[in-house]
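**Q** Take a look at the following structure, please.
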Amino acid sequence: MSDMLASAPEAPSLMTVRDLAVHIRTDAGLARILDGVSFSLPPGGSLGIVGESGCGKSTLLRAILGILPKGALVPQGQVVFQGQDILKTPVRGRIGFIPQDPYLSLNPVFRAGDQLLEGMRNHAPGTRDDHRKKLIGLFHAVQLPEPQNALDKYPHQFSGGQRQRLLIAAALACDPDLVVADEPTTALDVTTQREILALLRGLTAERNMGLLFVTHDFGVLSAVCEDVAVLYAGRVAEYGPTGNVLADPRHPYTRMLLACHPDRATDLIGIPGTVPAATAQPPGCRFHPRCPISRPSCAVTVPEMARIFDGSRVACPYHADPLPEVALG
């Protein structure tokens with residue numbers, strides 16, 4: 001996958017992931033969760049990572065955040081953030097994190113302010129009073145009701161949307177250059193989801209922060225991200241500007257995944273088969289057992305990322321071939 005970056009013109013990069021592989025030893029054998037993942041995020045840019053459950057999205061975030069589980073192996077690759085390989089030297093404070101579930105991410109027995117101030121105490125300059133004033137200012141920015149009183153409340157005194165606003169404020173508290181969001185709207189209703197996405201988009205643009213956004217929803221992706229990387233079984237299948245990928249997807253997996261979206265689907269067929277287990281990845285193209293246009297060579301040769309148009313790249317030599325109508329629902 002390294003040619004995906006090598007062939008691109010040099011441009012300023014906030015973070016560059018190069019040929020990243022992550023393996024984990026299990027009772028069933030070595031799980032190859034990620035295998036040769038590469039992409040680049042410019043300063044102030046936004047990149048969405050999309051794919052089915054089990055494709056390696058959360059493991060990718062854990063590698064970037066430096067919180068891989070004990071025993072995880074990184075046999076190859078780099079995650080270069082502001083010129084520093086953070087796999088070797090983790091950074092703290094410069095990357096903010098918004099977790100997936102606002103109901104499970106705050107300890108119910110401690111006040112919200114005590115939990116948010118703890119991170120600032122370790123990673124932000126200033127006194128506790130300085131930190132309190134800054135958090136109240138952030139509560140205003142994220143449109144949290146009664147920001148002056150929020151620090152002294154317990155998590156159960158906030159709604160789901162308000163808790164997510166708290167977590168966004170926490171992610172911004174140390175003035176990060178990059179915000180990593182792990183499906184932050186999954187547990188929210190549609191109206192609150194729309195508000196949170198608009199808020200996140202506005203705040204990252206206003207503060208010129210990079211955004212790495214993991215989701216399984218192309219609708220959410222199109223509302224937030226300039227670029228997208230489609231992940232399948234630990235490899236990047238397609239990569240490029242979000243508008244291009246959504247309007248003219250080229251990889252069979254991307255096309256079939258988009259055809260499953262409620263706005264496009266005409267039935268409930270979905271994609272036949274399942275994502276392969278990380279301990280039993282198929283040889284060659286990992287999508288070939290489910291692909292309706294696969295050739296015998298697909299089971300042998302690992303496809304290279306090829307540039308197609310306007311910065312888009314796809315890991316399929318047969319990306320121009322039409323899919324059978326049944327494969328698109």
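Going by the structure tokens order, chains are called A, B, ..., each with residues numbered from 1, while ligands are numbered from 1 in the order shown.
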Which polymer residues have any atom within 12 Å of an atom of Arg207 (chain A), counting only C-alpha atoms, with same-chain residues fewer than 4 positions away left out, as number ranges by chain?

**A** A: 43-45, 141, 172, 175-179, 200-203, 211

**Q** Restrict the selected residues to all heavy atoms and save them as a compact mmCIF listing (two decimals), in the first residue's frame.

**A**
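Heads up, here's the output in selection_27.txt:
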# COMPACT_ATOMS: atom_id res chain seq x y z
N PRO A 43 -3.03 19.28 7.56
CA PRO A 43 -3.46 20.14 8.66
C PRO A 43 -4.85 20.72 8.38
O PRO A 43 -5.12 21.21 7.29
CB PRO A 43 -2.40 21.24 8.69
CG PRO A 43 -1.20 20.63 8.03
CD PRO A 43 -1.74 19.70 6.99
N GLY A 44 -5.73 20.62 9.35
CA GLY A 44 -7.08 21.13 9.18
C GLY A 44 -7.97 20.27 8.32
O GLY A 44 -9.13 20.62 8.08
N GLY A 45 -7.47 19.14 7.82
CA GLY A 45 -8.25 18.26 6.96
C GLY A 45 -9.13 17.31 7.75
O GLY A 45 -9.00 17.17 8.97
N ALA A 141 -18.99 26.96 23.94
CA ALA A 141 -18.70 26.69 22.52
C ALA A 141 -19.47 25.48 22.00
O ALA A 141 -19.90 25.47 20.84
CB ALA A 141 -17.20 26.48 22.32
N LEU A 172 -11.38 18.81 23.27
CA LEU A 172 -10.79 20.09 22.86
C LEU A 172 -10.02 20.78 23.97
O LEU A 172 -9.36 21.80 23.73
CB LEU A 172 -11.89 21.03 22.36
CG LEU A 172 -12.76 20.55 21.20
CD1 LEU A 172 -13.82 21.60 20.87
CD2 LEU A 172 -11.91 20.22 19.99
N ASP A 175 -6.33 21.86 23.63
CA ASP A 175 -6.00 22.51 22.35
C ASP A 175 -5.27 21.56 21.39
O ASP A 175 -4.15 21.83 20.94
CB ASP A 175 -5.15 23.77 22.57
CG ASP A 175 -5.89 24.81 23.38
OD1 ASP A 175 -7.08 25.03 23.09
OD2 ASP A 175 -5.28 25.40 24.29
N PRO A 176 -5.89 20.42 21.07
CA PRO A 176 -5.21 19.45 20.20
C PRO A 176 -5.12 19.93 18.76
O PRO A 176 -5.87 20.81 18.33
CB PRO A 176 -6.13 18.22 20.30
CG PRO A 176 -7.48 18.82 20.50
CD PRO A 176 -7.26 20.00 21.40
N ASP A 177 -4.20 19.34 18.02
CA ASP A 177 -4.08 19.60 16.58
C ASP A 177 -4.87 18.59 15.77
O ASP A 177 -5.12 18.79 14.58
CB ASP A 177 -2.61 19.57 16.16
CG ASP A 177 -1.80 20.65 16.84
OD1 ASP A 177 -2.15 21.83 16.70
OD2 ASP A 177 -0.84 20.30 17.56
N LEU A 178 -5.26 17.49 16.42
CA LEU A 178 -6.02 16.44 15.76
C LEU A 178 -7.09 15.92 16.72
O LEU A 178 -6.81 15.70 17.90
CB LEU A 178 -5.10 15.29 15.35
CG LEU A 178 -5.76 14.00 14.84
CD1 LEU A 178 -6.48 14.24 13.52
CD2 LEU A 178 -4.73 12.88 14.69
N VAL A 179 -8.31 15.73 16.21
CA VAL A 179 -9.38 15.11 16.99
C VAL A 179 -9.73 13.78 16.32
O VAL A 179 -9.97 13.72 15.11
CB VAL A 179 -10.62 16.01 17.07
CG1 VAL A 179 -11.79 15.25 17.70
CG2 VAL A 179 -10.32 17.26 17.87
N LEU A 200 -19.45 19.60 15.57
CA LEU A 200 -18.10 19.09 15.40
C LEU A 200 -17.45 19.67 14.14
O LEU A 200 -16.28 20.07 14.15
CB LEU A 200 -18.15 17.56 15.32
CG LEU A 200 -16.83 16.81 15.35
CD1 LEU A 200 -16.03 17.15 16.59
CD2 LEU A 200 -17.09 15.30 15.30
N ARG A 201 -18.20 19.72 13.06
CA ARG A 201 -17.68 20.29 11.81
C ARG A 201 -17.31 21.75 12.00
O ARG A 201 -16.25 22.21 11.55
CB ARG A 201 -18.73 20.13 10.71
CG ARG A 201 -18.26 20.58 9.33
CD ARG A 201 -19.29 20.24 8.26
NE ARG A 201 -20.57 20.88 8.51
CZ ARG A 201 -21.69 20.25 8.78
NH1 ARG A 201 -21.71 18.93 8.85
NH2 ARG A 201 -22.83 20.89 9.01
N GLY A 202 -18.15 22.51 12.68
CA GLY A 202 -17.89 23.92 12.88
C GLY A 202 -16.69 24.17 13.78
O GLY A 202 -15.85 25.04 13.50
N LEU A 203 -16.58 23.41 14.87
CA LEU A 203 -15.49 23.63 15.81
C LEU A 203 -14.13 23.26 15.22
O LEU A 203 -13.14 23.96 15.43
CB LEU A 203 -15.74 22.80 17.08
CG LEU A 203 -16.84 23.32 18.01
CD1 LEU A 203 -17.12 22.30 19.10
CD2 LEU A 203 -16.44 24.66 18.64
N LEU A 211 -9.33 16.20 11.63
CA LEU A 211 -10.38 15.32 12.16
C LEU A 211 -10.27 13.95 11.50
O LEU A 211 -10.30 13.84 10.28
CB LEU A 211 -11.76 15.92 11.88
CG LEU A 211 -12.97 15.04 12.27
CD1 LEU A 211 -13.02 14.83 13.78
CD2 LEU A 211 -14.27 15.68 11.78

**Q** Within 10 Å of Gln143 (chain A), counting only C-alpha atoms, which residues qualify if same-chain residues fewer than 5 places away don't, as number ranges by chain?

**A** A: 137-138, 162, 165-166, 169, 196, 199

**Q** So that I have them on file, write out the residues from the current selection with N, CA and C atoms, as a PDB file, in the first residue's frame.

**A**
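Okay, out04.pdb is ready:
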ATOM      1  N   GLY A 137     -15.763  27.958  29.167  1.00  0.00           N
ATOM      2  CA  GLY A 137     -15.761  28.566  27.836  1.00  0.00           C
ATOM      3  C   GLY A 137     -16.039  27.538  26.746  1.00  0.00           C
ATOM      4  N   LEU A 138     -15.467  26.334  26.910  1.00  0.00           N
ATOM      5  CA  LEU A 138     -15.727  25.265  25.942  1.00  0.00           C
ATOM      6  C   LEU A 138     -17.175  24.783  26.017  1.00  0.00           C
ATOM      7  N   GLN A 162     -26.223  15.861  25.617  1.00  0.00           N
ATOM      8  CA  GLN A 162     -25.417  16.736  26.469  1.00  0.00           C
ATOM      9  C   GLN A 162     -24.128  16.052  26.909  1.00  0.00           C
ATOM     10  N   ARG A 165     -21.705  16.337  24.137  1.00  0.00           N
ATOM     11  CA  ARG A 165     -21.137  17.686  24.109  1.00  0.00           C
ATOM     12  C   ARG A 165     -20.047  17.827  25.166  1.00  0.00           C
ATOM     13  N   LEU A 166     -20.268  17.215  26.325  1.00  0.00           N
ATOM     14  CA  LEU A 166     -19.226  17.194  27.356  1.00  0.00           C
ATOM     15  C   LEU A 166     -17.959  16.529  26.835  1.00  0.00           C
ATOM     16  N   ALA A 169     -16.121  18.710  24.430  1.00  0.00           N
ATOM     17  CA  ALA A 169     -15.375  19.727  25.184  1.00  0.00           C
ATOM     18  C   ALA A 169     -14.107  19.134  25.777  1.00  0.00           C
ATOM     19  N   ILE A 196     -24.914  17.384  16.676  1.00  0.00           N
ATOM     20  CA  ILE A 196     -23.539  17.080  17.088  1.00  0.00           C
ATOM     21  C   ILE A 196     -22.593  17.135  15.884  1.00  0.00           C
ATOM     22  N   LEU A 199     -21.984  20.714  14.960  1.00  0.00           N
ATOM     23  CA  LEU A 199     -21.121  21.313  15.977  1.00  0.00           C
ATOM     24  C   LEU A 199     -19.675  20.892  15.778  1.00  0.00           C
TER      25      LEU A 199
END

**Q** Ranking A:Leu246, A:Val91, A:Leu117, A:Val142 by minimum distance to His261 (chain A) and counting only C-alpha atoms, which one comes first?

**A**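 Using only C-alpha atoms, the shortest distance to His261 (chain A) belongs to A:Leu246.
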
**Q** Can you check which residues of region 150-301 of chain A DSSP gives as strand (DSSP E) on the backbone and send them as a PyMOL selection string?

**A** chain A and resi 178-182+210-215+227-232+235-241

**Q** Only N, CA, C and O atoms, please: the residues just picked out, written as a short mmCIF file (atom, residue, chain, number, x, y, z; two decimals), in the first residue's frame.

**A**
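See out27.cif below for the written result:
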data_model
loop_
_atom_site.label_atom_id
_atom_site.label_comp_id
_atom_site.auth_asym_id
_atom_site.auth_seq_id
_atom_site.Cartn_x
_atom_site.Cartn_y
_atom_site.Cartn_z
N LEU A 178 -5.26 17.49 16.42
CA LEU A 178 -6.02 16.44 15.76
C LEU A 178 -7.09 15.92 16.72
O LEU A 178 -6.81 15.70 17.90
N VAL A 179 -8.31 15.73 16.21
CA VAL A 179 -9.38 15.11 16.99
C VAL A 179 -9.73 13.78 16.32
O VAL A 179 -9.97 13.72 15.11
N VAL A 180 -9.73 12.73 17.11
CA VAL A 180 -10.09 11.40 16.65
C VAL A 180 -11.46 11.05 17.23
O VAL A 180 -11.64 11.10 18.45
N ALA A 181 -12.42 10.75 16.36
CA ALA A 181 -13.79 10.47 16.80
C ALA A 181 -14.18 9.05 16.39
O ALA A 181 -14.11 8.72 15.21
N ASP A 182 -14.58 8.24 17.36
CA ASP A 182 -14.94 6.85 17.10
C ASP A 182 -16.46 6.71 17.10
O ASP A 182 -17.07 6.48 18.15
N GLY A 210 -7.25 18.96 12.60
CA GLY A 210 -7.51 17.79 11.78
C GLY A 210 -8.57 16.93 12.44
O GLY A 210 -8.71 16.93 13.67
N LEU A 211 -9.33 16.20 11.63
CA LEU A 211 -10.38 15.32 12.16
C LEU A 211 -10.27 13.95 11.50
O LEU A 211 -10.30 13.84 10.28
N LEU A 212 -10.14 12.93 12.32
CA LEU A 212 -10.19 11.54 11.85
C LEU A 212 -11.46 10.93 12.42
O LEU A 212 -11.61 10.81 13.64
N PHE A 213 -12.38 10.58 11.54
CA PHE A 213 -13.74 10.22 11.95
C PHE A 213 -14.05 8.80 11.50
O PHE A 213 -14.10 8.51 10.31
N VAL A 214 -14.27 7.91 12.46
CA VAL A 214 -14.60 6.52 12.14
C VAL A 214 -16.11 6.35 12.18
O VAL A 214 -16.78 6.79 13.12
N THR A 215 -16.67 5.72 11.16
CA THR A 215 -18.10 5.50 11.10
C THR A 215 -18.41 4.31 10.20
O THR A 215 -17.54 3.83 9.47
N ASP A 227 -12.37 13.69 2.88
CA ASP A 227 -11.82 12.50 2.24
C ASP A 227 -12.29 11.26 2.99
O ASP A 227 -12.74 11.32 4.13
N VAL A 228 -12.17 10.12 2.31
CA VAL A 228 -12.62 8.87 2.91
C VAL A 228 -11.66 7.74 2.54
O VAL A 228 -11.11 7.70 1.44
N ALA A 229 -11.44 6.84 3.50
CA ALA A 229 -10.72 5.59 3.26
C ALA A 229 -11.66 4.46 3.61
O ALA A 229 -12.17 4.39 4.73
N VAL A 230 -11.94 3.59 2.63
CA VAL A 230 -12.82 2.45 2.84
C VAL A 230 -11.96 1.27 3.26
O VAL A 230 -11.09 0.82 2.51
N LEU A 231 -12.20 0.78 4.47
CA LEU A 231 -11.38 -0.29 5.04
C LEU A 231 -12.13 -1.61 4.93
O LEU A 231 -13.32 -1.68 5.26
N TYR A 232 -11.42 -2.64 4.46
CA TYR A 232 -12.02 -3.98 4.42
C TYR A 232 -11.00 -5.00 4.88
O TYR A 232 -9.90 -5.10 4.32
N ARG A 235 -7.39 -3.87 5.27
CA ARG A 235 -6.70 -3.19 4.16
C ARG A 235 -7.58 -2.07 3.61
O ARG A 235 -8.81 -2.14 3.69
N VAL A 236 -6.94 -1.06 3.01
CA VAL A 236 -7.68 0.02 2.37
C VAL A 236 -8.10 -0.44 0.98
O VAL A 236 -7.27 -0.79 0.14
N ALA A 237 -9.43 -0.45 0.74
CA ALA A 237 -9.95 -0.86 -0.56
C ALA A 237 -10.05 0.32 -1.52
O ALA A 237 -9.79 0.19 -2.72
N GLU A 238 -10.45 1.47 -0.99
CA GLU A 238 -10.62 2.67 -1.82
C GLU A 238 -10.34 3.90 -0.98
O GLU A 238 -10.62 3.93 0.23
N TYR A 239 -9.80 4.93 -1.62
CA TYR A 239 -9.33 6.11 -0.89
C TYR A 239 -9.45 7.32 -1.80
O TYR A 239 -9.06 7.26 -2.97
N GLY A 240 -10.03 8.42 -1.31
CA GLY A 240 -10.12 9.61 -2.14
C GLY A 240 -11.08 10.63 -1.57
O GLY A 240 -11.64 10.46 -0.48
N PRO A 241 -11.31 11.73 -2.32
CA PRO A 241 -12.28 12.74 -1.88
C PRO A 241 -13.66 12.12 -1.69
O PRO A 241 -14.11 11.32 -2.51
#

**Q** Need the shell around Val302 (chain A): protein/DNA/RNA residues with any atom at most 10 Å away, counting only C-alpha atoms. Skip same-chain ones fewer than 5 positions apart. Format as JSON, numbers by chain?

**A** {"A": [1, 283, 284, 285, 286, 297, 315, 316]}

**Q** Quick one: which region 279-329 of chain A residues come within 8 Å of region 29-34 of chain A, and what is the nearest atom pair for each with the distance in Å to one decimal, counting only C-alpha atoms, rows ordered by chain and ascending number, as JSON lines?

**A**
{"residue": "A:Thr279", "atom": "CA", "partner": "A:Ala31", "partner_atom": "CA", "distance": 4.2}
{"residue": "A:Ala280", "atom": "CA", "partner": "A:Ala31", "partner_atom": "CA", "distance": 7.7}
{"residue": "A:Gln281", "atom": "CA", "partner": "A:Arg32", "partner_atom": "CA", "distance": 7.7}

**Q** Those residues you just picked out, can you put them in a file as a tab-separated table (two decimals), in the first residue's frame with C-alpha atoms?

**A**
chain	number	residue	atom	x	y	z
A	279	THR	CA	-7.12	-15.31	12.16
A	280	ALA	CA	-8.16	-16.76	8.78
A	281	GLN	CA	-7.71	-14.05	6.17

**Q** Could you list, as a ChimeraX atom specification, every residue within 12 Å of Asn107 (chain A), counting only C-alpha atoms and ignoring same-chain residues fewer than 4 positions away?

**A** /A:102-103,111-116,153-156,163

**Q** Using only C-alpha atoms, please write the residues we just selected to a file, as a PDB file, in the first residue's frame.

**A**
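So the final result, stored in part13.pdb, reads:
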ATOM      1  CA  PRO A 102     -21.537   8.923  25.845  1.00  0.00           C
ATOM      2  CA  TYR A 103     -23.362   6.728  28.370  1.00  0.00           C
ATOM      3  CA  ARG A 111     -18.751  14.917  38.982  1.00  0.00           C
ATOM      4  CA  ALA A 112     -18.278  15.737  35.324  1.00  0.00           C
ATOM      5  CA  GLY A 113     -15.912  18.589  36.140  1.00  0.00           C
ATOM      6  CA  ASP A 114     -13.578  16.404  38.212  1.00  0.00           C
ATOM      7  CA  GLN A 115     -13.270  13.917  35.339  1.00  0.00           C
ATOM      8  CA  LEU A 116     -12.618  16.522  32.654  1.00  0.00           C
ATOM      9  CA  LYS A 153     -23.175  17.953  37.953  1.00  0.00           C
ATOM     10  CA  TYR A 154     -22.981  14.167  37.787  1.00  0.00           C
ATOM     11  CA  PRO A 155     -23.215  12.347  34.408  1.00  0.00           C
ATOM     12  CA  HIS A 156     -26.763  11.102  35.077  1.00  0.00           C
ATOM     13  CA  ARG A 163     -22.969  14.027  27.528  1.00  0.00           C
TER      14      ARG A 163
END

**Q** Mind listing the helix (DSSP H, G or I) residues of region 120-167 of chain A, per DSSP on the backbone, as a PyMOL selection string?

**A** chain A and resi 120-123+128-141+147-150+155-157+160-167

**Q** I need the residues from that last selection saved to file as a PDB file, in the first residue's frame (with C-alpha atoms), if you can.

**A**
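Once everything was written out, this is part.pdb:
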ATOM      1  CA  MET A 120      -6.184  18.994  31.798  1.00  0.00           C
ATOM      2  CA  ARG A 121      -4.153  18.713  34.989  1.00  0.00           C
ATOM      3  CA  ASN A 122      -1.820  16.258  33.264  1.00  0.00           C
ATOM      4  CA  HIS A 123      -1.629  17.786  29.785  1.00  0.00           C
ATOM      5  CA  ARG A 128      -7.101  24.488  38.307  1.00  0.00           C
ATOM      6  CA  ASP A 129      -8.957  27.808  38.212  1.00  0.00           C
ATOM      7  CA  ASP A 130      -7.557  28.449  34.718  1.00  0.00           C
ATOM      8  CA  HIS A 131      -8.741  25.011  33.646  1.00  0.00           C
ATOM      9  CA  ARG A 132     -12.223  25.556  35.099  1.00  0.00           C
ATOM     10  CA  LYS A 133     -12.601  28.852  33.237  1.00  0.00           C
ATOM     11  CA  LYS A 134     -11.412  27.246  30.015  1.00  0.00           C
ATOM     12  CA  LEU A 135     -13.850  24.340  30.356  1.00  0.00           C
ATOM     13  CA  ILE A 136     -16.763  26.696  30.992  1.00  0.00           C
ATOM     14  CA  GLY A 137     -15.761  28.566  27.836  1.00  0.00           C
ATOM     15  CA  LEU A 138     -15.727  25.265  25.942  1.00  0.00           C
ATOM     16  CA  PHE A 139     -19.154  24.387  27.344  1.00  0.00           C
ATOM     17  CA  HIS A 140     -20.388  27.643  25.818  1.00  0.00           C
ATOM     18  CA  ALA A 141     -18.699  26.693  22.520  1.00  0.00           C
ATOM     19  CA  PRO A 147     -22.416  25.913  31.300  1.00  0.00           C
ATOM     20  CA  GLN A 148     -21.617  27.641  34.594  1.00  0.00           C
ATOM     21  CA  ASN A 149     -23.200  24.769  36.551  1.00  0.00           C
ATOM     22  CA  ALA A 150     -22.136  21.836  34.370  1.00  0.00           C
ATOM     23  CA  PRO A 155     -23.215  12.347  34.408  1.00  0.00           C
ATOM     24  CA  HIS A 156     -26.763  11.102  35.077  1.00  0.00           C
ATOM     25  CA  GLN A 157     -27.929  14.721  35.203  1.00  0.00           C
ATOM     26  CA  GLY A 160     -27.183  11.630  25.877  1.00  0.00           C
ATOM     27  CA  GLY A 161     -26.658  14.604  23.573  1.00  0.00           C
ATOM     28  CA  GLN A 162     -25.417  16.736  26.469  1.00  0.00           C
ATOM     29  CA  ARG A 163     -22.969  14.027  27.528  1.00  0.00           C
ATOM     30  CA  GLN A 164     -21.610  13.909  23.977  1.00  0.00           C
ATOM     31  CA  ARG A 165     -21.137  17.686  24.109  1.00  0.00           C
ATOM     32  CA  LEU A 166     -19.226  17.194  27.356  1.00  0.00           C
ATOM     33  CA  LEU A 167     -16.966  14.665  25.651  1.00  0.00           C
TER      34      LEU A 167
END
